[in-house]
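In what follows, a single structure is set out as structure tokens and then discussed.
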Amino acid sequence: MAERDGETTRQGAGGERELLRELTRQMSRDATPDVGQVVEWLARRTGAKVGLLTGDGVVEAGTAGFPRRMPDWLARVFPRLAGGDVATAAEQSGGLRVHCEAIGPRVPHPVLVVISSSPPSGESRALVSAACGVLAALHGTREAAAMSRSNRDRARQLRFAVFSALIEGQPFLARRMMAGAVPPVLDAAAVRVYLLQCGPADRDRISEAYEDDQGFHGPDLLVRCPVHNHHLICVLAEGADDAGGHRRDLLRLVRENPWYALGISGPHPLAATAEAYAQAANALAVARNCPTRLVDYQGQSPLVHLLPEREALAWARAFLRPLGSAPKLTINVTRLATDVPQAGVARLLGISRNTVRAHVRRAEEAIGTDLNEVSSRAALALALAITAPGFGTGGDVDVPPPTLEDLFRTQPAVAWAEAFLGPLRDADHRDLDATLRAWIGANTDAQRAATRLGISRNTVRARVRTAERLLHRALLNNAGTGIHDLVHALRISQESPVLAVA
């Protein structure tokens with residue numbers, strides 16, 4: 001008898017070692033724990049039918065022949081096991097012996113059910129007990145992983161909300177979102193935006209690798225771009241204690257990955273994050289076709305800062321006056337739609353495309369324009385950069401509103417356009433000027449421009465791509481400040497088609 005008991009003990013210990021190896025194997029990998037492996041192993045070792053039920057009675061894993069629906073004999077005892085009233089239960093039904101055991105500390109408990117045709121041996125009971133311990137550990141790992149994913153999702157959503165507030169020029173709103181636990185980036189005097197082009201999966205991996213306990217990235221902010229799934233937006237604080245840390249990491253990533261590219265803005269106040277992002281986007285367009293795949297923004301002062309202030313304000317207010325009574329959401333949607341495709345606006349704001357289109361249509365009807373036209377988007381974006389609809393409509397501007405043509409005839413505007421288009425006037429690029437004028441005249445339709453010029457569509461796109469590099473502007477995405485600057489520069493130089501603006 002003692003010899004038989006010793007053999008049983010040794011067999012049970014061997015089974016426990018096998019379970020421990022299985023637990024170690026599953027815990028050492030990134031995949032979701034597979035409780036089915038433990039259930040199958042227990043069935044093989046005991047010759048029983050084994051099933052694992054979730055706390056609400058659903059079969060999570062089961063061997064062949066295990067009932068998919070809960071039998072009456074199990075339904076009687078299951079609520080007490082799942083609810084924590086009892087830890088184990090045994091039943092006999094139709095000549096079968098059933099052993100049930102609640103798993104883990106959390107209610108409702110998962111329940112392991114073992115069905116055999118004969119009384120369980122001491123070894124089987126030991127193996128069932130050991131399997132329950134391993135299943136409890138795997139469930140705990142799964143719950144911890146789910147909680148970690150949930151926390152990371154919430155942190156990602158919070159980072160995006162903070163970034164959205166910064167893009168709207170509201171750093172104070174971003175700080176209020178943090179309920180006192182303000183990350184260092186929101187106290188920065190100035191920031192740069194580093195826009196990294198990488199794989200969609202890579203941007204999650206990179207962001208998580210540098211995430212701190214607060215869900216941020218030390219003195220910086222890394223955010224998945226909601227519009228382009230291969231962009232990671234990195235808002236880096238200037239002058240932080242560990243300044244250069246993330247910058248060095250981003251530069252290293254570009255060096256080590258030949259399919260990566262990086263566009264870098266100049267320094268901007270926190271409230272001007274949107275301008276920094278636009279610069280980074282323009283720099284990235286150049287970086288894609290640059291041998292180093294790394295470009296710092298090299299642009300002029302924005303046109304909006306060079307126009308005569310009072311006259312520009314008078315024009316913008318007159319242009320935007322029909323939008324003065326529009327809902328704030330309509331203004332926000334329309335503002336974004338001048339820079340981002342409407343599908344991207346929907347993802348950015350978490351609303352449907354139809355809702356975006358309805359708001360844009362309302363704005364179009366109010367100001368009498370078609371925002372599918374790049375020239376109309378450029379004019380509206382310029383007006384919105386000067387002032388907001390309905391803002392300061394009093395008598396503090398005592399000049400009659402000029403036309404946009406009047407503003408564009410001013411000496412600073414003409415000088416800006418000449419400098420902007422200067423790189424296209426080089427003898428080696430004499431075809432670019434005419435191609436860009438035809439492309440804008442065709443509302444950025446490469447095929448229509450190609451037909452007008454008598455060249456191929458691919459040639460048009462190749463020339464526009466060359467212009468991106470020379471002008472340091474993103475053009476082919478047909479959105480954002482790059483294309484708007486080109487529209488304005490061509491119009492100012494009087495070398496573009498007549499554009500429909502108010």
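Ordering of the structure tokens sets the chain letters (A, B, ...), residue numbers begin anew at 1 in every chain, and ligands are numbered from 1 in the order given.
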
Do you have, as CSV, the list of residues of range 363-393 of chain A lying at most 9 Å from range 339-348 of chain A, each with its nearest atom pair and that distance in Å to one decimal, counting only C-alpha atoms and ordered by chain then number?
```
residue,atom,partner,partner_atom,distance
A:Arg377,CA,A:Asp339,CA,8.1
A:Ala378,CA,A:Asp339,CA,8.9
A:Ala381,CA,A:Asp339,CA,7.9
```

- Message: as JSON, numbers by chain, please: the residues near Ser164 in chain A (cut-off 12 Å, only C-alpha atoms, same-chain neighbours under 2 positions excluded).
- Response: {"A": [157, 158, 159, 160, 161, 162, 166, 167, 168, 169, 170, 171, 173, 174, 177, 221, 223, 224, 225, 226, 233, 235, 271, 273, 274, 277, 332, 336, 345, 348, 349, 350]}

- Excluding same-chain residues fewer than 3 positions from Val333 in chain A, what lies within 7 Å of it counting only C-alpha atoms, as a PyMOL selection string? chain A and resi 329-330+336-337+356+359-360

Export of prior selection with C-alpha atoms as a PDB file, in the first residue's frame:
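selection09.pdb written:
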```pdb
ATOM      1  CA  LEU A 329     -18.855  72.240 -34.386  1.00  0.00           C
ATOM      2  CA  THR A 330     -19.528  73.351 -37.958  1.00  0.00           C
ATOM      3  CA  LEU A 336     -10.166  70.791 -40.260  1.00  0.00           C
ATOM      4  CA  ALA A 337     -11.617  70.027 -43.688  1.00  0.00           C
ATOM      5  CA  VAL A 356     -18.683  65.774 -41.523  1.00  0.00           C
ATOM      6  CA  HIS A 359     -21.276  70.415 -41.585  1.00  0.00           C
ATOM      7  CA  VAL A 360     -19.065  71.177 -44.585  1.00  0.00           C
TER       8      VAL A 360
END
```

- Query: For Ser117 in chain A, which residue out of A:Thr466, A:Gln197, A:Thr355, A:Ser93 is the nearest one, using only C-alpha atoms?
  - Reply: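 Selected residue with least distance to Ser117 in chain A: A:Ser93.
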
- Task: Quick one: pull the distance between CA of Ala136 in chain A and CA of Ile103 in chain A, Å, one decimal.
- Result: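 Interatomic distance here is 5.6 Å.
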
- Task: Quick one: pick out all alpha helix (DSSP H) residues within range 131-227 of chain A from a backbone DSSP run and write them as a PyMOL selection string.
- Result: chain A and resi 131-167+171-177+200-209
